file coords_5.pdb (PDB, C-alpha atoms, pLDDT in the B column)
ATOM      1  CA  MET Z  22      92.615  94.546 -62.702  1.00 50.00           C
ATOM      2  CA  ALA Z  23      91.996  91.413 -64.759  1.00 47.00           C
ATOM      3  CA  GLU Z  24      92.448  89.285 -61.615  1.00 48.00           C
ATOM      4  CA  VAL Z  25      90.059  91.491 -59.650  1.00 42.00           C
ATOM      5  CA  LYS Z  26      87.507  91.204 -62.461  1.00 46.00           C
ATOM      6  CA  GLN Z  27      87.848  87.431 -62.494  1.00 47.00           C
ATOM      7  CA  VAL Z  28      87.392  87.239 -58.699  1.00 42.00           C
ATOM      8  CA  ARG Z  29      84.337  89.491 -58.918  1.00 49.00           C
ATOM      9  CA  GLN Z  30      82.851  87.371 -61.720  1.00 49.00           C
ATOM     10  CA  LYS Z  31      83.503  84.222 -59.698  1.00 48.00           C
ATOM     11  CA  GLN Z  32      81.822  85.738 -56.603  1.00 47.00           C
ATOM     12  CA  GLU Z  33      78.786  86.669 -58.690  1.00 48.00           C
ATOM     13  CA  ALA Z  34      78.668  83.217 -60.272  1.00 49.00           C
ATOM     14  CA  ASP Z  35      79.043  81.237 -57.008  1.00 56.00           C
ATOM     15  CA  PRO Z  36      75.545  81.985 -55.601  1.00 50.00           C
ATOM     16  CA  LEU Z  37      74.008  81.093 -58.960  1.00 47.00           C
ATOM     17  CA  ASP Z  38      76.057  77.913 -59.138  1.00 55.00           C
ATOM     18  CA  ARG Z  39      75.065  77.025 -55.587  1.00 52.00           C
ATOM     19  CA  ALA Z  40      71.432  77.648 -56.389  1.00 45.00           C
ATOM     20  CA  ARG Z  41      71.662  75.476 -59.467  1.00 51.00           C
ATOM     21  CA  ASP Z  42      73.426  72.785 -57.487  1.00 55.00           C
ATOM     22  CA  PHE Z  43      70.826  72.954 -54.713  1.00 47.00           C
ATOM     23  CA  TRP Z  44      67.981  72.720 -57.224  1.00 48.00           C
ATOM     24  CA  ALA Z  45      69.644  69.826 -59.006  1.00 57.00           C
ATOM     25  CA  ARG Z  46      69.953  67.972 -55.720  1.00 55.00           C
ATOM     26  CA  TYR Z  47      66.736  68.904 -53.944  1.00 50.00           C
ATOM     27  CA  GLY Z  48      64.399  70.259 -56.603  1.00 49.00           C
ATOM     28  CA  ARG Z  49      62.269  67.117 -56.685  1.00 52.00           C
ATOM     29  CA  THR Z  50      61.892  67.136 -52.893  1.00 53.00           C
ATOM     30  CA  VAL Z  51      60.928  70.816 -52.866  1.00 44.00           C
ATOM     31  CA  ILE Z  52      58.309  70.255 -55.565  1.00 46.00           C
ATOM     32  CA  ILE Z  53      56.840  67.247 -53.756  1.00 47.00           C
ATOM     33  CA  ALA Z  54      56.713  69.162 -50.463  1.00 45.00           C
ATOM     34  CA  SER Z  55      55.101  72.178 -52.103  1.00 45.00           C
ATOM     35  CA  VAL Z  56      52.482  70.061 -53.813  1.00 42.00           C
ATOM     36  CA  ALA Z  57      51.790  68.257 -50.535  1.00 44.00           C
ATOM     37  CA  ILE Z  58      51.196  71.571 -48.750  1.00 44.00           C
ATOM     38  CA  ILE Z  59      48.827  72.708 -51.483  1.00 41.00           C
ATOM     39  CA  VAL Z  60      46.961  69.389 -51.464  1.00 43.00           C
ATOM     40  CA  ILE Z  61      46.706  69.288 -47.673  1.00 45.00           C
ATOM     41  CA  GLY Z  62      45.615  72.928 -47.512  1.00 44.00           C
ATOM     42  CA  GLY Z  63      43.117  72.420 -50.286  1.00 43.00           C
ATOM     43  CA  GLY Z  64      41.932  69.207 -48.718  1.00 39.00           C
ATOM     44  CA  TYR Z  65      41.342  70.922 -45.384  1.00 35.00           C
ATOM     45  CA  LEU Z  66      39.385  73.749 -46.990  1.00 35.00           C
ATOM     46  CA  GLY Z  67      37.367  71.260 -49.013  1.00 37.00           C
ATOM     47  CA  TRP Z  68      36.650  69.210 -45.893  1.00 33.00           C
ATOM     48  CA  LYS Z  69      35.667  72.313 -43.949  1.00 42.00           C
ATOM     49  CA  TYR Z  70      33.369  73.927 -46.484  1.00 38.00           C
ATOM     50  CA  LEU Z  71      32.053  70.923 -48.389  1.00 33.00           C
ATOM     51  CA  ILE Z  72      31.734  68.345 -45.593  1.00 40.00           C
ATOM     52  CA  LYS Z  73      32.082  69.697 -42.043  1.00 49.00           C
ATOM     53  CA  GLU Z  74      29.953  72.840 -42.219  1.00 59.00           C
ATOM     54  CA  PRO Z  75      27.098  71.240 -44.199  1.00 59.00           C
ATOM     55  CA  LYS Z  76      27.147  68.309 -41.770  1.00 62.00           C
ATOM     56  CA  GLU Z  77      26.990  70.713 -38.812  1.00 77.00           C
ATOM     57  CA  GLN Z  78      23.988  72.431 -40.375  1.00 79.00           C
ATOM     58  CA  LYS Z  79      22.183  69.164 -41.085  1.00 78.00           C
ATOM     59  CA  ALA Z  80      22.817  68.024 -37.510  1.00 70.00           C
ATOM     60  CA  ALA Z  81      21.457  71.288 -36.103  1.00 79.00           C
ATOM     61  CA  ASP Z  82      18.395  71.028 -38.341  1.00 77.00           C
ATOM     62  CA  ALA Z  83      17.763  67.477 -37.137  1.00 77.00           C
ATOM     63  CA  LEU Z  84      18.121  68.398 -33.472  1.00 85.00           C
ATOM     64  CA  TRP Z  85      15.275  70.863 -33.071  1.00 84.00           C
ATOM     65  CA  LYS Z  86      12.394  68.356 -33.207  1.00 87.00           C
ATOM     66  CA  ALA Z  87      14.062  66.012 -30.728  1.00 88.00           C
ATOM     67  CA  GLN Z  88      14.546  68.986 -28.393  1.00 88.00           C
ATOM     68  CA  ASP Z  89      10.884  69.850 -28.820  1.00 88.00           C
ATOM     69  CA  TYR Z  90       9.918  66.318 -27.764  1.00 89.00           C
ATOM     70  CA  PHE Z  91      12.346  66.585 -24.826  1.00 87.00           C
ATOM     71  CA  GLU Z  92      10.716  69.778 -23.586  1.00 88.00           C
ATOM     72  CA  LYS Z  93       7.305  68.116 -23.856  1.00 90.00           C
ATOM     73  CA  ASP Z  94       8.628  65.179 -21.812  1.00 87.00           C
ATOM     74  CA  SER Z  95       7.951  62.771 -24.669  1.00 90.00           C
ATOM     75  CA  VAL Z  96      10.788  60.452 -23.762  1.00 90.00           C
ATOM     76  CA  LYS Z  97      10.332  57.777 -26.414  1.00 91.00           C
ATOM     77  CA  GLN Z  98       9.987  60.218 -29.321  1.00 92.00           C
ATOM     78  CA  ALA Z  99      12.850  62.391 -28.111  1.00 90.00           C
ATOM     79  CA  LEU Z 100      15.134  59.383 -27.769  1.00 93.00           C
ATOM     80  CA  SER Z 101      14.107  57.322 -30.797  1.00 92.00           C
ATOM     81  CA  GLY Z 102      12.382  59.869 -33.032  1.00 91.00           C
ATOM     82  CA  ASP Z 103       9.289  59.335 -35.149  1.00 90.00           C
ATOM     83  CA  ARG Z 104       8.616  58.498 -38.779  1.00 87.00           C
ATOM     84  CA  GLN Z 105       9.602  61.967 -39.925  1.00 88.00           C
ATOM     85  CA  PHE Z 106      12.301  63.118 -37.507  1.00 88.00           C
ATOM     86  CA  PRO Z 107      15.272  61.328 -35.917  1.00 91.00           C
ATOM     87  CA  GLY Z 108      15.678  61.142 -32.160  1.00 92.00           C
ATOM     88  CA  PHE Z 109      18.735  61.963 -30.085  1.00 90.00           C
ATOM     89  CA  GLU Z 110      20.187  58.463 -30.428  1.00 95.00           C
ATOM     90  CA  LYS Z 111      20.276  58.567 -34.211  1.00 92.00           C
ATOM     91  CA  ILE Z 112      21.499  62.159 -34.280  1.00 91.00           C
ATOM     92  CA  ALA Z 113      24.360  61.303 -31.912  1.00 91.00           C
ATOM     93  CA  SER Z 114      25.355  58.363 -34.111  1.00 91.00           C
ATOM     94  CA  GLN Z 115      24.747  59.867 -37.551  1.00 89.00           C
ATOM     95  CA  TYR Z 116      26.305  63.236 -36.776  1.00 87.00           C
ATOM     96  CA  ASP Z 117      29.157  62.119 -34.553  1.00 85.00           C
ATOM     97  CA  GLY Z 118      31.856  64.788 -34.432  1.00 82.00           C
ATOM     98  CA  THR Z 119      29.469  67.720 -34.790  1.00 85.00           C
ATOM     99  CA  LYS Z 120      28.369  70.105 -32.045  1.00 86.00           C
ATOM    100  CA  ALA Z 121      24.751  69.017 -32.432  1.00 86.00           C
ATOM    101  CA  GLY Z 122      25.782  65.352 -32.348  1.00 88.00           C
ATOM    102  CA  ASN Z 123      27.700  65.960 -29.141  1.00 89.00           C
ATOM    103  CA  LEU Z 124      24.715  67.716 -27.578  1.00 90.00           C
ATOM    104  CA  ALA Z 125      22.481  64.837 -28.679  1.00 91.00           C
ATOM    105  CA  ASP Z 126      24.711  62.516 -26.606  1.00 94.00           C
ATOM    106  CA  PHE Z 127      23.912  64.572 -23.504  1.00 93.00           C
ATOM    107  CA  TYR Z 128      20.173  64.535 -24.143  1.00 92.00           C
ATOM    108  CA  ALA Z 129      20.229  60.833 -24.996  1.00 95.00           C
ATOM    109  CA  GLY Z 130      22.135  60.096 -21.795  1.00 95.00           C
ATOM    110  CA  VAL Z 131      19.646  62.031 -19.683  1.00 93.00           C
ATOM    111  CA  LEU Z 132      16.669  60.265 -21.266  1.00 93.00           C
ATOM    112  CA  ALA Z 133      18.259  56.806 -21.151  1.00 96.00           C
ATOM    113  CA  LEU Z 134      18.914  57.305 -17.433  1.00 95.00           C
ATOM    114  CA  LYS Z 135      15.331  58.451 -16.930  1.00 93.00           C
ATOM    115  CA  SER Z 136      13.967  55.406 -18.736  1.00 94.00           C
ATOM    116  CA  GLY Z 137      16.177  53.005 -16.767  1.00 95.00           C
ATOM    117  CA  ASP Z 138      18.614  52.053 -19.532  1.00 96.00           C
ATOM    118  CA  ASN Z 139      21.753  52.707 -17.525  1.00 97.00           C
ATOM    119  CA  ASN Z 140      24.208  51.091 -19.943  1.00 98.00           C
ATOM    120  CA  LYS Z 141      22.989  53.327 -22.730  1.00 97.00           C
ATOM    121  CA  ALA Z 142      23.126  56.326 -20.390  1.00 97.00           C
ATOM    122  CA  VAL Z 143      26.763  55.577 -19.578  1.00 98.00           C
ATOM    123  CA  SER Z 144      27.631  55.197 -23.254  1.00 97.00           C
ATOM    124  CA  HIS Z 145      26.132  58.549 -24.239  1.00 96.00           C
ATOM    125  CA  LEU Z 146      27.290  60.546 -21.224  1.00 97.00           C
ATOM    126  CA  LYS Z 147      30.854  59.274 -21.583  1.00 96.00           C
ATOM    127  CA  ASP Z 148      30.880  60.453 -25.200  1.00 95.00           C
ATOM    128  CA  PHE Z 149      29.628  63.915 -24.257  1.00 93.00           C
ATOM    129  CA  SER Z 150      32.005  66.791 -23.535  1.00 94.00           C
ATOM    130  CA  THR Z 151      31.562  70.543 -23.399  1.00 91.00           C
ATOM    131  CA  ASP Z 152      33.461  73.722 -22.553  1.00 92.00           C
ATOM    132  CA  SER Z 153      30.511  74.746 -20.390  1.00 92.00           C
ATOM    133  CA  LYS Z 154      31.799  73.618 -17.009  1.00 93.00           C
ATOM    134  CA  GLN Z 155      28.411  73.808 -15.333  1.00 92.00           C
ATOM    135  CA  VAL Z 156      26.847  71.488 -17.907  1.00 93.00           C
ATOM    136  CA  GLN Z 157      29.880  69.188 -17.834  1.00 94.00           C
ATOM    137  CA  ALA Z 158      29.608  68.940 -14.055  1.00 95.00           C
ATOM    138  CA  ARG Z 159      25.969  67.948 -14.414  1.00 94.00           C
ATOM    139  CA  ALA Z 160      26.887  65.322 -16.992  1.00 95.00           C
ATOM    140  CA  TYR Z 161      29.441  63.825 -14.572  1.00 97.00           C
ATOM    141  CA  LYS Z 162      26.779  63.720 -11.830  1.00 95.00           C
ATOM    142  CA  LEU Z 163      24.323  61.909 -14.121  1.00 96.00           C
ATOM    143  CA  LEU Z 164      27.075  59.544 -15.250  1.00 98.00           C
ATOM    144  CA  GLY Z 165      27.699  58.770 -11.592  1.00 97.00           C
ATOM    145  CA  ASP Z 166      24.003  57.968 -11.135  1.00 97.00           C
ATOM    146  CA  ALA Z 167      24.077  55.571 -14.093  1.00 97.00           C
ATOM    147  CA  TYR Z 168      27.175  53.815 -12.767  1.00 98.00           C
ATOM    148  CA  ALA Z 169      25.609  53.593  -9.305  1.00 97.00           C
ATOM    149  CA  ASN Z 170      22.475  51.974 -10.752  1.00 97.00           C
ATOM    150  CA  LEU Z 171      24.710  49.409 -12.450  1.00 98.00           C
ATOM    151  CA  GLY Z 172      26.542  48.650  -9.213  1.00 97.00           C
ATOM    152  CA  LYS Z 173      29.802  50.090 -10.542  1.00 98.00           C
ATOM    153  CA  ASN Z 174      30.494  51.906  -7.307  1.00 97.00           C
ATOM    154  CA  SER Z 175      34.094  52.981  -7.872  1.00 97.00           C
ATOM    155  CA  ASP Z 176      33.186  54.522 -11.218  1.00 98.00           C
ATOM    156  CA  ALA Z 177      30.149  56.171  -9.655  1.00 97.00           C
ATOM    157  CA  LEU Z 178      32.163  57.774  -6.858  1.00 98.00           C
ATOM    158  CA  SER Z 179      34.840  58.916  -9.295  1.00 98.00           C
ATOM    159  CA  SER Z 180      32.172  60.596 -11.449  1.00 98.00           C
ATOM    160  CA  TYR Z 181      30.569  62.280  -8.442  1.00 97.00           C
ATOM    161  CA  LYS Z 182      33.928  63.697  -7.396  1.00 97.00           C
ATOM    162  CA  LYS Z 183      34.570  64.940 -10.935  1.00 97.00           C
ATOM    163  CA  ALA Z 184      31.196  66.653 -10.839  1.00 96.00           C
ATOM    164  CA  ALA Z 185      32.069  68.344  -7.548  1.00 96.00           C
ATOM    165  CA  ARG Z 186      35.393  69.674  -8.794  1.00 94.00           C
ATOM    166  CA  GLU Z 187      34.566  70.579 -12.383  1.00 95.00           C
ATOM    167  CA  PHE Z 188      33.089  74.018 -11.708  1.00 92.00           C
ATOM    168  CA  GLU Z 189      33.626  75.194  -8.153  1.00 90.00           C
ATOM    169  CA  ALA Z 190      32.339  78.669  -9.013  1.00 90.00           C
ATOM    170  CA  ASP Z 191      28.889  77.061  -8.931  1.00 91.00           C
ATOM    171  CA  ARG Z 192      28.882  76.801  -5.163  1.00 90.00           C
ATOM    172  CA  GLN Z 193      25.413  75.290  -4.843  1.00 90.00           C
ATOM    173  CA  GLY Z 194      26.057  72.631  -7.468  1.00 92.00           C
ATOM    174  CA  THR Z 195      29.494  71.810  -6.094  1.00 93.00           C
ATOM    175  CA  ALA Z 196      28.169  71.450  -2.538  1.00 93.00           C
ATOM    176  CA  GLU Z 197      25.399  69.151  -3.761  1.00 94.00           C
ATOM    177  CA  TYR Z 198      27.800  66.935  -5.700  1.00 95.00           C
ATOM    178  CA  LEU Z 199      30.248  66.769  -2.802  1.00 95.00           C
ATOM    179  CA  TYR Z 200      27.432  65.739  -0.489  1.00 95.00           C
ATOM    180  CA  VAL Z 201      26.287  63.043  -2.907  1.00 96.00           C
ATOM    181  CA  ALA Z 202      29.869  61.769  -3.206  1.00 97.00           C
ATOM    182  CA  ALA Z 203      30.365  61.715   0.568  1.00 95.00           C
ATOM    183  CA  TYR Z 204      27.003  60.061   1.229  1.00 95.00           C
ATOM    184  CA  PHE Z 205      27.687  57.445  -1.461  1.00 96.00           C
ATOM    185  CA  ALA Z 206      31.158  56.716  -0.084  1.00 96.00           C
ATOM    186  CA  ASP Z 207      29.672  56.214   3.396  1.00 94.00           C
ATOM    187  CA  ARG Z 208      26.335  54.504   2.850  1.00 93.00           C
ATOM    188  CA  VAL Z 209      27.008  52.498  -0.304  1.00 96.00           C
ATOM    189  CA  MET Z 210      30.754  51.820  -0.335  1.00 96.00           C
ATOM    190  CA  ASN Z 211      31.250  51.839   3.449  1.00 95.00           C
ATOM    191  CA  ASP Z 212      34.429  53.831   2.841  1.00 95.00           C
ATOM    192  CA  LYS Z 213      34.506  55.882   6.046  1.00 93.00           C
ATOM    193  CA  LYS Z 214      37.852  57.515   5.391  1.00 94.00           C
ATOM    194  CA  GLN Z 215      36.829  58.818   1.992  1.00 95.00           C
ATOM    195  CA  ALA Z 216      33.444  59.914   3.334  1.00 95.00           C
ATOM    196  CA  ILE Z 217      35.106  61.907   6.127  1.00 95.00           C
ATOM    197  CA  ASP Z 218      37.486  63.573   3.679  1.00 95.00           C
ATOM    198  CA  LEU Z 219      34.624  64.571   1.389  1.00 96.00           C
ATOM    199  CA  TYR Z 220      32.426  65.864   4.213  1.00 94.00           C
ATOM    200  CA  LYS Z 221      35.383  67.883   5.548  1.00 94.00           C
ATOM    201  CA  GLU Z 222      35.955  69.317   2.090  1.00 93.00           C
ATOM    202  CA  LEU Z 223      32.293  70.283   1.899  1.00 93.00           C
ATOM    203  CA  VAL Z 224      32.357  72.095   5.250  1.00 92.00           C
ATOM    204  CA  ALA Z 225      35.675  73.807   4.496  1.00 91.00           C
ATOM    205  CA  LYS Z 226      34.688  75.052   1.052  1.00 89.00           C
ATOM    206  CA  HIS Z 227      30.918  75.399   1.307  1.00 89.00           C
ATOM    207  CA  GLY Z 228      30.092  76.029   4.960  1.00 83.00           C
ATOM    208  CA  ASP Z 229      27.225  78.277   3.910  1.00 87.00           C
ATOM    209  CA  SER Z 230      25.416  75.591   1.897  1.00 88.00           C
ATOM    210  CA  GLN Z 231      22.256  73.747   2.877  1.00 89.00           C
ATOM    211  CA  PHE Z 232      24.302  70.542   3.168  1.00 91.00           C
ATOM    212  CA  ARG Z 233      26.584  71.928   5.896  1.00 90.00           C
ATOM    213  CA  ASP Z 234      24.548  70.728   8.896  1.00 89.00           C
ATOM    214  CA  GLU Z 235      24.314  67.157   7.579  1.00 90.00           C
ATOM    215  CA  ALA Z 236      28.050  67.112   6.928  1.00 91.00           C
ATOM    216  CA  ILE Z 237      28.851  68.430  10.415  1.00 91.00           C
ATOM    217  CA  LYS Z 238      26.464  65.906  11.974  1.00 90.00           C
ATOM    218  CA  TYR Z 239      28.193  63.036  10.193  1.00 90.00           C
ATOM    219  CA  LEU Z 240      31.654  64.286  11.125  1.00 91.00           C
ATOM    220  CA  ALA Z 241      30.629  64.620  14.777  1.00 90.00           C
ATOM    221  CA  GLN Z 242      29.320  61.042  14.773  1.00 87.00           C
ATOM    222  CA  ALA Z 243      32.667  59.975  13.328  1.00 83.00           C
ATOM    223  CA  GLY Z 244      34.505  61.854  16.099  1.00 82.00           C
ATOM    224  CA  VAL Z 245      35.775  64.596  13.807  1.00 81.00           C
ATOM    225  CA  TYR Z 246      35.219  68.099  15.208  1.00 72.00           C
ATOM    226  CA  ASP Z 247      38.007  70.295  13.819  1.00 66.00           C
ATOM    227  CA  SER Z 248      36.213  70.945  10.492  1.00 54.00           C
ATOM    228  CA  ALA Z 249      32.889  71.677  12.124  1.00 45.00           C
ATOM    229  CA  GLU Z 250      33.992  74.937  13.668  1.00 46.00           C
TER
END
call {"tool": "encode", "arguments": {"input": "coords_5.pdb", "output": "structure tokens"}}
result
Amino acid sequence: MAEVKQVRQKQEADPLDRARDFWARYGRTVIIASVAIIVIGGGYLGWKYLIKEPKEQKAADALWKAQDYFEKDSVKQALSGDRQFPGFEKIASQYDGTKAGNLADFYAGVLALKSGDNNKAVSHLKDFSTDSKQVQARAYKLLGDAYANLGKNSDALSSYKKAAREFEADRQGTAEYLYVAAYFADRVMNDKKQAIDLYKELVAKHGDSQFRDEAIKYLAQAGVYDSAE
């Protein structure tokens, strides 16, 4: 019985001894890791509630007047602002990383393209991204226009093709962008092979669009008839 009691006492003591041994060896590491988790978690919450969300709100508040100028077609004021309100350029720079700052990049790109500042248009439109595929497709199309105006033809064609394939559920938009890409490949880049491929894609996917007849006409002139059926 005494031996059994000793064995039982040893079994009960072993887990405690192991725990003590573990803590002696790794206690410092555990404490450091725990503190790090608390600091990181607290830091994230502080960043979110004290920095990110207030910054988002300030950016949204700044955006409304620039949008008002945009709707009134006041290009200079919308882009550069006035004495009281910032324009899209400043909002995009000052509130980079916010939703409103991202949207300001799109507006600034559109207006820069309209005013003939193609380098600035490229810069803003490249920085813009959105989950709205229809808007993103439009941004790619405008980016292609800016590249084309700068003579950067390969970049322009690549952007046009991105526009055409970003949101194929928008059949009208996709057909338009495919046509622009095909026309640009043919008339500007003199890339007949790529033009034929793009026109064939247009006819195959969007044979009911207003661009169908022009695509079929081009393909016929190029001796391609199988996609025009």
call {"tool": "closest_residue", "arguments": {"input": "coords_5.pdb", "among": "Z:Lys214, Z:Lys93, Z:His227, Z:Lys86", "to": "Tyr198 of chain Z", "atoms": "all atoms listed in the file"}}
result
Z:His227
call {"tool": "atom_distance", "arguments": {"input": "coords_5.pdb", "atom1": "atom CA of Ala185 of chain Z", "atom2": "atom CA of Gly122 of chain Z"}}
result
25.8 Å
call {"tool": "resolve_selection", "arguments": {"input": "coords_5.pdb", "expression": "the PyMOL selection byres ((chain Z and resi 143) around 9)", "output": "ChimeraX atom specification"}}
result
/Z:130,133-134,138-142,144-148,163-165,167-168
call {"tool": "atom_distance", "arguments": {"input": "coords_5.pdb", "atom1": "atom CA of Ala158 of chain Z", "atom2": "atom CA of Phe188 of chain Z"}}
result
6.6 Å
call {"tool": "atom_distance", "arguments": {"input": "coords_5.pdb", "atom1": "atom CA of Ser95 of chain Z", "atom2": "atom CA of Ala125 of chain Z"}}
result
15.2 Å
call {"tool": "decode", "arguments": {"input": "coords_5.pdb", "residues": "segment 180-209 of chain Z", "atoms": "N, CA and C atoms", "output": "short mmCIF file (atom, residue, chain, number, x, y, z; two decimals), in the first residue's frame"}}
result
data_model
loop_
_atom_site.label_atom_id
_atom_site.label_comp_id
_atom_site.auth_asym_id
_atom_site.auth_seq_id
_atom_site.Cartn_x
_atom_site.Cartn_y
_atom_site.Cartn_z
N SER Z 180 -4.39 48.19 -71.71
CA SER Z 180 -5.45 48.76 -70.89
C SER Z 180 -6.81 48.59 -71.55
N TYR Z 181 -6.88 48.75 -72.85
CA TYR Z 181 -8.15 48.56 -73.56
C TYR Z 181 -8.63 47.11 -73.41
N LYS Z 182 -7.71 46.18 -73.52
CA LYS Z 182 -8.09 44.77 -73.38
C LYS Z 182 -8.52 44.45 -71.95
N LYS Z 183 -7.87 45.05 -70.97
CA LYS Z 183 -8.30 44.89 -69.58
C LYS Z 183 -9.72 45.41 -69.40
N ALA Z 184 -9.98 46.56 -70.01
CA ALA Z 184 -11.32 47.15 -69.92
C ALA Z 184 -12.37 46.20 -70.50
N ALA Z 185 -12.03 45.58 -71.63
CA ALA Z 185 -12.98 44.69 -72.31
C ALA Z 185 -13.25 43.41 -71.54
N ARG Z 186 -12.33 43.01 -70.70
CA ARG Z 186 -12.47 41.71 -70.03
C ARG Z 186 -12.73 41.81 -68.53
N GLU Z 187 -12.82 43.04 -68.04
CA GLU Z 187 -13.03 43.24 -66.61
C GLU Z 187 -14.44 42.88 -66.17
N PHE Z 188 -15.42 43.22 -66.98
CA PHE Z 188 -16.82 43.02 -66.57
C PHE Z 188 -17.66 42.66 -67.78
N GLU Z 189 -17.57 41.40 -68.20
CA GLU Z 189 -18.22 40.97 -69.42
C GLU Z 189 -19.74 40.90 -69.30
N ALA Z 190 -20.26 41.00 -68.08
CA ALA Z 190 -21.71 41.06 -67.90
C ALA Z 190 -22.27 42.36 -68.49
N ASP Z 191 -21.44 43.39 -68.55
CA ASP Z 191 -21.83 44.63 -69.20
C ASP Z 191 -21.53 44.48 -70.69
N ARG Z 192 -22.48 43.91 -71.41
CA ARG Z 192 -22.24 43.52 -72.79
C ARG Z 192 -21.97 44.74 -73.68
N GLN Z 193 -22.70 45.82 -73.47
CA GLN Z 193 -22.49 47.00 -74.29
C GLN Z 193 -21.11 47.60 -74.06
N GLY Z 194 -20.73 47.74 -72.79
CA GLY Z 194 -19.43 48.29 -72.47
C GLY Z 194 -18.30 47.40 -72.98
N THR Z 195 -18.44 46.10 -72.80
CA THR Z 195 -17.41 45.16 -73.23
C THR Z 195 -17.24 45.19 -74.74
N ALA Z 196 -18.36 45.24 -75.48
CA ALA Z 196 -18.28 45.31 -76.94
C ALA Z 196 -17.58 46.59 -77.39
N GLU Z 197 -17.91 47.69 -76.73
CA GLU Z 197 -17.27 48.97 -77.07
C GLU Z 197 -15.77 48.91 -76.85
N TYR Z 198 -15.36 48.37 -75.71
CA TYR Z 198 -13.93 48.34 -75.38
C TYR Z 198 -13.18 47.37 -76.29
N LEU Z 199 -13.82 46.27 -76.65
CA LEU Z 199 -13.19 45.34 -77.59
C LEU Z 199 -13.01 46.00 -78.95
N TYR Z 200 -14.02 46.74 -79.38
CA TYR Z 200 -13.92 47.43 -80.66
C TYR Z 200 -12.79 48.46 -80.65
N VAL Z 201 -12.71 49.21 -79.57
CA VAL Z 201 -11.64 50.21 -79.44
C VAL Z 201 -10.28 49.53 -79.48
N ALA Z 202 -10.16 48.41 -78.76
CA ALA Z 202 -8.89 47.67 -78.74
C ALA Z 202 -8.52 47.16 -80.13
N ALA Z 203 -9.51 46.59 -80.82
CA ALA Z 203 -9.25 46.05 -82.16
C ALA Z 203 -8.89 47.16 -83.14
N TYR Z 204 -9.65 48.23 -83.10
CA TYR Z 204 -9.40 49.38 -83.99
C TYR Z 204 -8.01 49.96 -83.73
N PHE Z 205 -7.65 50.07 -82.46
CA PHE Z 205 -6.34 50.63 -82.09
C PHE Z 205 -5.22 49.71 -82.56
N ALA Z 206 -5.41 48.40 -82.38
CA ALA Z 206 -4.39 47.44 -82.82
C ALA Z 206 -4.18 47.54 -84.33
N ASP Z 207 -5.27 47.74 -85.08
CA ASP Z 207 -5.19 47.80 -86.53
C ASP Z 207 -4.66 49.14 -87.03
N ARG Z 208 -5.34 50.21 -86.65
CA ARG Z 208 -5.07 51.52 -87.26
C ARG Z 208 -3.86 52.22 -86.66
N VAL Z 209 -3.58 51.99 -85.39
CA VAL Z 209 -2.47 52.70 -84.75
C VAL Z 209 -1.22 51.84 -84.69
#
